[in-house]
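Here the structure comes first, spelled out in structure tokens, and everything after it is commentary.
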Amino acid sequence: MELNKPYWYNDQNEPWVFYRGAEYLLAKQPFPWEGVNLACMMMGAHLLSVHSKEELRFIRERMGKLSLGSTDWWIGLSTDLVREEFSWSDESAVDYQNWAEGSSHDAPVKQKQCVTMSSISGQWSAGECGGLHAHVCKRRTVSVVEIPREPHYIGGCPERWLYFGHKCLLLHLPNSSEEGKSWRDAQSICSSFQGTLVAIQDEIEQAYITMLLQGGTVGVWIGLRDEDTMKWTNGKPVSYTNWSPVEPKN
């Protein structure tokens, strides 16, 4: 589902925090590294790169406020079999490091490795990229003014909703197909939240939603409908589709 009007608007709850020329978003929902890397890119950002002890302290303090006990958060450092060294996903210089004692970052690389940061110590550890962790996005503030793809409301999403690409998404998965709703009933439920069934705008948003559905056994409704021509229920043009190979496209 996708909110059209943010009835939850709160100008004191901006999800991004500012520090020395950059904005940071700390998201507690646990996902694999590749998925959160895409999520950050969708918002014009990258997974966190750290370039000073002061920046590390700033992020660690905010991680601590959001974490219950010691938790690990994905950052943008990774390596694979092609690259011999760790590099940041935003392609910035690796000019500061804070590895935990005994970290495997110096071991020979046998598969892609991604890096987490401890919410307690701020130290980094390398490991498999498929683990589920919270993450931090970072984007540089710029002076170029652009017309955003979506209205950028200042505020946060309601509880259980996921913030992604200037949208709030709510995923409802029934336990079985028998417990599911018809398309019209699903759209009616979305309308009760002042929203619509989701309109998927591009392949990055598609990848994010696919990641949310990972492991599910039932399909979910989206907001595309056929009224002489295919239309999204929120009125947006159909600029991206991802039809099944056996699905008619006209």
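The way I read the labels, and the way they are meant: chains A, B, ... in the order of the structure tokens, residue 1 as the first residue of every chain, and ligand 1 as the first ligand shown, with later ones counted on from there.
Using only C-alpha atoms, the residues found no farther than 6 Å from range 24-26 of chain A, other than those of its own chain fewer than 5 positions away, are A:Trp16, A:Val17, A:Val136, A:Cys137, A:Lys138.
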Arg184 in chain A environment, 10 Å, only C-alpha atoms, sequence neighbours closer than 5 positions dropped, as a ChimeraX atom specification
/A:189-190,197,221
Please measure the separation of CA of Trp88 in chain A and CA of Gln214 in chain A, giving the value in Å to one decimal.
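Computed distance, CA of Trp88 in chain A to CA of Gln214 in chain A, equals 26.5 Å.
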By how many Å are CA of Ser125 in chain A and CA of Ser103 in chain A apart?
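Separation between CA of Ser125 in chain A and CA of Ser103 in chain A: 5.4 Å.
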Write down as an MDAnalysis selection string the residues of range 10-124 of chain A whose backbone DSSP state falls under alpha helix (DSSP H).
chainID A and resid 33:42 53:66
Measuring atom to atom with only C-alpha atoms, identify which of A:Trp243, A:Trp232, A:Phe193, A:Tyr208 is nearest to Met43 in chain A.
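For Met43 in chain A, the nearest of the candidates is A:Tyr208.
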Can you pull out every residue within 7 Å of Glu128 in chain A, counting only C-alpha atoms, but drop anything in the same chain fewer than 5 positions away, and send it as a ChimeraX atom specification?
/A:112-114
Using the selection just defined, write its residues with all heavy atoms as a PDB file, in the first residue's frame.
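That gives us result_18.pdb:
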```pdb
ATOM      1  N   LYS A 112      32.010 -13.033  -1.539  1.00  0.00           N
ATOM      2  CA  LYS A 112      31.793 -11.626  -1.231  1.00  0.00           C
ATOM      3  C   LYS A 112      31.600 -11.442   0.263  1.00  0.00           C
ATOM      4  O   LYS A 112      30.917 -12.220   0.917  1.00  0.00           O
ATOM      5  CB  LYS A 112      30.574 -11.090  -1.977  1.00  0.00           C
ATOM      6  CG  LYS A 112      30.310  -9.615  -1.694  1.00  0.00           C
ATOM      7  CD  LYS A 112      29.290  -9.005  -2.618  1.00  0.00           C
ATOM      8  CE  LYS A 112      29.120  -7.519  -2.323  1.00  0.00           C
ATOM      9  NZ  LYS A 112      28.234  -6.839  -3.279  1.00  0.00           N
ATOM     10  N   GLN A 113      32.226 -10.405   0.801  1.00  0.00           N
ATOM     11  CA  GLN A 113      32.090 -10.085   2.209  1.00  0.00           C
ATOM     12  C   GLN A 113      31.566  -8.666   2.363  1.00  0.00           C
ATOM     13  O   GLN A 113      31.930  -7.763   1.608  1.00  0.00           O
ATOM     14  CB  GLN A 113      33.429 -10.218   2.933  1.00  0.00           C
ATOM     15  CG  GLN A 113      33.902 -11.655   3.102  1.00  0.00           C
ATOM     16  CD  GLN A 113      35.062 -11.745   4.082  1.00  0.00           C
ATOM     17  OE1 GLN A 113      36.037 -11.015   3.965  1.00  0.00           O
ATOM     18  NE2 GLN A 113      34.940 -12.627   5.056  1.00  0.00           N
ATOM     19  N   CYS A 114      30.699  -8.485   3.343  1.00  0.00           N
ATOM     20  CA  CYS A 114      30.135  -7.179   3.646  1.00  0.00           C
ATOM     21  C   CYS A 114      30.393  -6.868   5.117  1.00  0.00           C
ATOM     22  O   CYS A 114      30.629  -7.766   5.920  1.00  0.00           O
ATOM     23  CB  CYS A 114      28.639  -7.157   3.344  1.00  0.00           C
ATOM     24  SG  CYS A 114      28.245  -7.515   1.610  1.00  0.00           S
TER      25      CYS A 114
END
```
Near Glu23 in chain A, counting only C-alpha atoms, which residues have an atom at most 12 Å away, once you skip same-chain residues fewer than 2 positions from it, shown as a PDB file with N, CA and C atoms, in the first residue's frame?
```pdb
ATOM      1  N   GLU A  14      11.564  14.158  11.515  1.00  0.00           N
ATOM      2  CA  GLU A  14      12.300  13.983  10.264  1.00  0.00           C
ATOM      3  C   GLU A  14      13.186  12.743  10.355  1.00  0.00           C
ATOM      4  N   PRO A  15      13.034  11.783   9.440  1.00  0.00           N
ATOM      5  CA  PRO A  15      13.803  10.541   9.555  1.00  0.00           C
ATOM      6  C   PRO A  15      15.291  10.706   9.260  1.00  0.00           C
ATOM      7  N   TRP A  16      15.671  11.710   8.468  1.00  0.00           N
ATOM      8  CA  TRP A  16      17.082  11.936   8.159  1.00  0.00           C
ATOM      9  C   TRP A  16      17.673  12.904   9.176  1.00  0.00           C
ATOM     10  N   VAL A  17      18.896  12.636   9.603  1.00  0.00           N
ATOM     11  CA  VAL A  17      19.596  13.542  10.516  1.00  0.00           C
ATOM     12  C   VAL A  17      20.814  14.112   9.797  1.00  0.00           C
ATOM     13  N   PHE A  18      21.139  15.354  10.106  1.00  0.00           N
ATOM     14  CA  PHE A  18      22.198  16.076   9.393  1.00  0.00           C
ATOM     15  C   PHE A  18      23.463  16.141  10.239  1.00  0.00           C
ATOM     16  N   TYR A  19      24.616  15.962   9.574  1.00  0.00           N
ATOM     17  CA  TYR A  19      25.900  16.097  10.266  1.00  0.00           C
ATOM     18  C   TYR A  19      26.984  16.439   9.246  1.00  0.00           C
ATOM     19  N   ARG A  20      27.559  17.613   9.379  1.00  0.00           N
ATOM     20  CA  ARG A  20      28.724  18.034   8.605  1.00  0.00           C
ATOM     21  C   ARG A  20      28.607  17.762   7.106  1.00  0.00           C
ATOM     22  N   GLY A  21      27.569  18.296   6.508  1.00  0.00           N
ATOM     23  CA  GLY A  21      27.446  18.221   5.059  1.00  0.00           C
ATOM     24  C   GLY A  21      26.833  16.954   4.507  1.00  0.00           C
ATOM     25  N   LEU A  25      20.229   8.251   7.455  1.00  0.00           N
ATOM     26  CA  LEU A  25      18.975   7.587   7.800  1.00  0.00           C
ATOM     27  C   LEU A  25      19.308   6.247   8.441  1.00  0.00           C
ATOM     28  N   LEU A  26      18.878   6.056   9.677  1.00  0.00           N
ATOM     29  CA  LEU A  26      19.096   4.800  10.390  1.00  0.00           C
ATOM     30  C   LEU A  26      17.798   4.008  10.370  1.00  0.00           C
ATOM     31  N   CYS A  40      18.941   2.211  -0.167  1.00  0.00           N
ATOM     32  CA  CYS A  40      19.620   3.506  -0.037  1.00  0.00           C
ATOM     33  C   CYS A  40      19.711   4.210  -1.388  1.00  0.00           C
ATOM     34  N   MET A  43      16.781   6.148  -2.571  1.00  0.00           N
ATOM     35  CA  MET A  43      16.571   7.441  -1.923  1.00  0.00           C
ATOM     36  C   MET A  43      17.685   8.435  -2.246  1.00  0.00           C
ATOM     37  N   GLY A  44      18.444   8.148  -3.299  1.00  0.00           N
ATOM     38  CA  GLY A  44      19.518   9.046  -3.683  1.00  0.00           C
ATOM     39  C   GLY A  44      20.688   9.016  -2.729  1.00  0.00           C
ATOM     40  N   ALA A  45      20.886   7.876  -2.067  1.00  0.00           N
ATOM     41  CA  ALA A  45      21.930   7.748  -1.057  1.00  0.00           C
ATOM     42  C   ALA A  45      22.734   6.479  -1.303  1.00  0.00           C
ATOM     43  N   HIS A  46      23.658   6.196  -0.398  1.00  0.00           N
ATOM     44  CA  HIS A  46      24.407   4.946  -0.391  1.00  0.00           C
ATOM     45  C   HIS A  46      24.478   4.450   1.044  1.00  0.00           C
ATOM     46  N   LEU A  47      24.813   3.188   1.202  1.00  0.00           N
ATOM     47  CA  LEU A  47      25.094   2.707   2.544  1.00  0.00           C
ATOM     48  C   LEU A  47      26.234   3.530   3.146  1.00  0.00           C
ATOM     49  N   LEU A  48      26.234   3.625   4.444  1.00  0.00           N
ATOM     50  CA  LEU A  48      27.139   4.510   5.175  1.00  0.00           C
ATOM     51  C   LEU A  48      28.611   4.293   4.826  1.00  0.00           C
ATOM     52  N   SER A  49      29.295   5.385   4.535  1.00  0.00           N
ATOM     53  CA  SER A  49      30.758   5.403   4.505  1.00  0.00           C
ATOM     54  C   SER A  49      31.226   6.295   5.647  1.00  0.00           C
ATOM     55  N   GLU A  55      32.825  11.303  12.878  1.00  0.00           N
ATOM     56  CA  GLU A  55      31.648  10.799  12.175  1.00  0.00           C
ATOM     57  C   GLU A  55      31.223   9.448  12.749  1.00  0.00           C
ATOM     58  N   PHE A  58      29.381  10.015  15.994  1.00  0.00           N
ATOM     59  CA  PHE A  58      28.043  10.550  15.740  1.00  0.00           C
ATOM     60  C   PHE A  58      27.061   9.429  15.395  1.00  0.00           C
ATOM     61  N   ILE A  59      27.476   8.527  14.499  1.00  0.00           N
ATOM     62  CA  ILE A  59      26.599   7.434  14.084  1.00  0.00           C
ATOM     63  C   ILE A  59      26.411   6.425  15.215  1.00  0.00           C
ATOM     64  N   VAL A 136      22.401   1.821   7.737  1.00  0.00           N
ATOM     65  CA  VAL A 136      22.490   3.280   7.735  1.00  0.00           C
ATOM     66  C   VAL A 136      22.724   3.750   6.305  1.00  0.00           C
ATOM     67  N   CYS A 137      21.858   4.642   5.830  1.00  0.00           N
ATOM     68  CA  CYS A 137      22.057   5.288   4.534  1.00  0.00           C
ATOM     69  C   CYS A 137      22.686   6.661   4.752  1.00  0.00           C
ATOM     70  N   LYS A 138      23.447   7.098   3.768  1.00  0.00           N
ATOM     71  CA  LYS A 138      24.100   8.407   3.841  1.00  0.00           C
ATOM     72  C   LYS A 138      24.022   9.073   2.476  1.00  0.00           C
ATOM     73  N   ARG A 139      23.668  10.348   2.471  1.00  0.00           N
ATOM     74  CA  ARG A 139      23.683  11.097   1.215  1.00  0.00           C
ATOM     75  C   ARG A 139      24.242  12.489   1.462  1.00  0.00           C
ATOM     76  N   ARG A 140      25.007  12.943   0.508  1.00  0.00           N
ATOM     77  CA  ARG A 140      25.595  14.271   0.598  1.00  0.00           C
ATOM     78  C   ARG A 140      24.537  15.319   0.295  1.00  0.00           C
ATOM     79  N   THR A 141      24.552  16.417   1.022  1.00  0.00           N
ATOM     80  CA  THR A 141      23.661  17.524   0.707  1.00  0.00           C
ATOM     81  C   THR A 141      24.278  18.332  -0.417  1.00  0.00           C
ATOM     82  N   VAL A 142      23.448  18.751  -1.370  1.00  0.00           N
ATOM     83  CA  VAL A 142      23.936  19.466  -2.547  1.00  0.00           C
ATOM     84  C   VAL A 142      23.141  20.743  -2.730  1.00  0.00           C
TER      85      VAL A 142
END
```
Using only C-alpha atoms, which residue out of A:Ile222, A:Met42, A:Ala22, A:Ala186 lies closest to Glu205 in chain A?
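Of A:Ile222, A:Met42, A:Ala22, A:Ala186, the one nearest Glu205 in chain A, counting only C-alpha atoms, is A:Met42.
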Do you have the CA of Glu91 in chain A-CA of Asn37 in chain A distance handy?
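For CA of Glu91 in chain A relative to CA of Asn37 in chain A, the distance reads 13.1 Å.
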Select, from A:Ser191, A:Ser244, A:Gln123, A:Ser67, the residue with the minimum atom-to-atom distance to Gln97 in chain A, counting only C-alpha atoms.
A:Gln123
Taking the chain letters and numbering used in this document, name the residues of range 49-250 of chain A that DSSP puts in strand (DSSP E), as number ranges by chain.
A: 72-79, 87-88, 113-118, 124-127, 133-140, 162-164, 167-169, 195-196, 224-227, 229-232
Would you save the residues from that selection as a CSV table (one decimal), in the first residue's frame, using N, CA and C atoms?
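Output file selection.csv is given in full below:
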```csv
chain,number,residue,atom,x,y,z
A,72,ASP,N,24.4,-5.3,15.3
A,72,ASP,CA,25.2,-4.9,14.2
A,72,ASP,C,24.4,-4.3,13.1
A,73,TRP,N,25.0,-3.3,12.5
A,73,TRP,CA,24.3,-2.5,11.4
A,73,TRP,C,25.2,-2.6,10.2
A,74,TRP,N,24.5,-2.8,9.0
A,74,TRP,CA,25.2,-2.8,7.8
A,74,TRP,C,25.8,-1.4,7.5
A,75,ILE,N,27.0,-1.3,7.0
A,75,ILE,CA,27.6,-0.1,6.4
A,75,ILE,C,28.0,-0.4,5.0
A,76,GLY,N,28.5,0.6,4.3
A,76,GLY,CA,28.8,0.4,2.8
A,76,GLY,C,30.1,-0.2,2.4
A,77,LEU,N,30.8,-0.8,3.3
A,77,LEU,CA,32.1,-1.4,3.0
A,77,LEU,C,31.9,-2.9,2.6
A,78,SER,N,32.5,-3.3,1.4
A,78,SER,CA,32.4,-4.7,1.0
A,78,SER,C,33.6,-5.0,0.1
A,79,THR,N,33.7,-6.3,-0.2
A,79,THR,CA,34.7,-6.8,-1.1
A,79,THR,C,34.2,-8.0,-1.8
A,87,SER,N,36.1,-1.7,-0.3
A,87,SER,CA,35.8,-0.4,-0.9
A,87,SER,C,34.4,0.0,-0.4
A,88,TRP,N,34.1,1.3,-0.4
A,88,TRP,CA,32.8,1.9,-0.1
A,88,TRP,C,31.9,1.8,-1.2
A,113,GLN,N,32.2,-10.4,0.8
A,113,GLN,CA,32.1,-10.1,2.2
A,113,GLN,C,31.6,-8.7,2.4
A,114,CYS,N,30.7,-8.5,3.3
A,114,CYS,CA,30.1,-7.2,3.6
A,114,CYS,C,30.4,-6.9,5.1
A,115,VAL,N,30.3,-5.6,5.5
A,115,VAL,CA,30.8,-5.2,6.8
A,115,VAL,C,29.7,-4.6,7.6
A,116,THR,N,29.7,-5.0,8.9
A,116,THR,CA,28.7,-4.5,9.9
A,116,THR,C,29.5,-3.6,10.9
A,117,MET,N,28.8,-2.7,11.5
A,117,MET,CA,29.3,-1.9,12.6
A,117,MET,C,28.5,-2.1,13.9
A,118,SER,N,29.2,-2.3,15.0
A,118,SER,CA,28.6,-2.6,16.3
A,118,SER,C,28.0,-1.3,16.8
A,124,TRP,N,34.1,-2.6,13.4
A,124,TRP,CA,33.6,-3.2,12.2
A,124,TRP,C,34.0,-4.7,12.1
A,125,SER,N,33.1,-5.4,11.5
A,125,SER,CA,33.4,-6.9,11.3
A,125,SER,C,32.9,-7.2,9.9
A,126,ALA,N,33.7,-8.1,9.2
A,126,ALA,CA,33.4,-8.6,7.9
A,126,ALA,C,32.8,-10.0,8.0
A,127,GLY,N,31.8,-10.2,7.1
A,127,GLY,CA,31.2,-11.5,7.1
A,127,GLY,C,30.3,-11.7,5.8
A,133,HIS,N,20.4,-7.5,9.0
A,133,HIS,CA,20.8,-6.4,9.9
A,133,HIS,C,20.1,-5.1,9.6
A,134,ALA,N,20.1,-4.2,10.6
A,134,ALA,CA,19.7,-2.9,10.3
A,134,ALA,C,20.7,-2.2,9.5
A,135,HIS,N,20.5,-1.0,9.0
A,135,HIS,CA,21.4,-0.3,8.1
A,135,HIS,C,21.4,1.2,8.3
A,136,VAL,N,22.4,1.8,7.7
A,136,VAL,CA,22.5,3.3,7.7
A,136,VAL,C,22.7,3.7,6.3
A,137,CYS,N,21.9,4.6,5.8
A,137,CYS,CA,22.1,5.3,4.5
A,137,CYS,C,22.7,6.7,4.8
A,138,LYS,N,23.4,7.1,3.8
A,138,LYS,CA,24.1,8.4,3.8
A,138,LYS,C,24.0,9.1,2.5
A,139,ARG,N,23.7,10.3,2.5
A,139,ARG,CA,23.7,11.1,1.2
A,139,ARG,C,24.2,12.5,1.5
A,140,ARG,N,25.0,12.9,0.5
A,140,ARG,CA,25.6,14.3,0.6
A,140,ARG,C,24.5,15.3,0.3
A,162,LEU,N,6.9,0.8,6.3
A,162,LEU,CA,8.3,0.9,5.9
A,162,LEU,C,8.5,2.1,5.1
A,163,TYR,N,9.5,2.9,5.4
A,163,TYR,CA,9.8,4.1,4.6
A,163,TYR,C,10.7,3.7,3.5
A,164,PHE,N,10.3,4.1,2.2
A,164,PHE,CA,11.1,3.7,1.1
A,164,PHE,C,10.8,4.7,-0.1
A,167,LYS,N,8.0,7.1,0.2
A,167,LYS,CA,6.7,6.4,0.4
A,167,LYS,C,6.7,5.7,1.7
A,168,CYS,N,5.5,5.4,2.2
A,168,CYS,CA,5.3,4.5,3.3
A,168,CYS,C,4.6,3.3,2.8
A,169,LEU,N,5.2,2.1,3.0
A,169,LEU,CA,4.6,0.9,2.5
A,169,LEU,C,4.2,0.0,3.7
A,195,GLY,N,-4.6,5.7,1.4
A,195,GLY,CA,-3.6,5.2,0.4
A,195,GLY,C,-4.2,4.5,-0.7
A,196,THR,N,-3.4,3.8,-1.5
A,196,THR,CA,-3.8,3.0,-2.6
A,196,THR,C,-2.9,1.7,-2.6
A,224,LEU,N,-2.1,-2.1,-10.2
A,224,LEU,CA,-2.3,-2.0,-11.7
A,224,LEU,C,-3.6,-2.6,-12.1
A,225,ARG,N,-4.4,-1.9,-12.9
A,225,ARG,CA,-5.7,-2.4,-13.4
A,225,ARG,C,-5.9,-2.1,-14.8
A,226,ASP,N,-6.7,-2.9,-15.5
A,226,ASP,CA,-7.0,-2.7,-16.9
A,226,ASP,C,-8.3,-2.1,-17.2
A,227,GLU,N,-8.3,-0.8,-17.6
A,227,GLU,CA,-9.5,-0.1,-18.0
A,227,GLU,C,-9.3,0.4,-19.4
A,229,THR,N,-6.9,0.6,-21.0
A,229,THR,CA,-5.5,0.6,-20.9
A,229,THR,C,-5.0,0.4,-19.5
A,230,MET,N,-3.8,-0.1,-19.3
A,230,MET,CA,-3.3,-0.4,-18.0
A,230,MET,C,-3.1,0.9,-17.2
A,231,LYS,N,-3.6,1.0,-16.0
A,231,LYS,CA,-3.4,2.2,-15.2
A,231,LYS,C,-3.1,1.8,-13.7
A,232,TRP,N,-2.4,2.7,-13.1
A,232,TRP,CA,-2.2,2.6,-11.6
A,232,TRP,C,-3.4,3.2,-10.9
```
Pick out the residues sitting within 10 Å of Ile120 in chain A, and hand them over as JSON, numbers by chain; count only C-alpha atoms, and ignore anything fewer than 5 positions along from it in its own chain.
{"A": [60, 61, 63, 64, 67, 69, 70, 71, 72]}
Using only C-alpha atoms, which residue out of A:Ala27, A:Ala39, A:Val82, A:Cys157 lies closest to Leu212 in chain A?
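Among the listed residues, A:Ala39 lies closest to Leu212 in chain A.
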Would you mind listing what lies within 9 Å of Thr241 in chain A as a list in words, with only C-alpha atoms counted and same-chain residues fewer than 3 positions away left out?
Ile200, Gln201, Asp202, Glu203 and Val238 of chain A
Residue with smallest distance to Ser52 in chain A - pool A:Leu171, A:Val94, A:Leu213, A:Leu68, counting only C-alpha atoms:
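So, comparing all the options, the nearest one is A:Val94.
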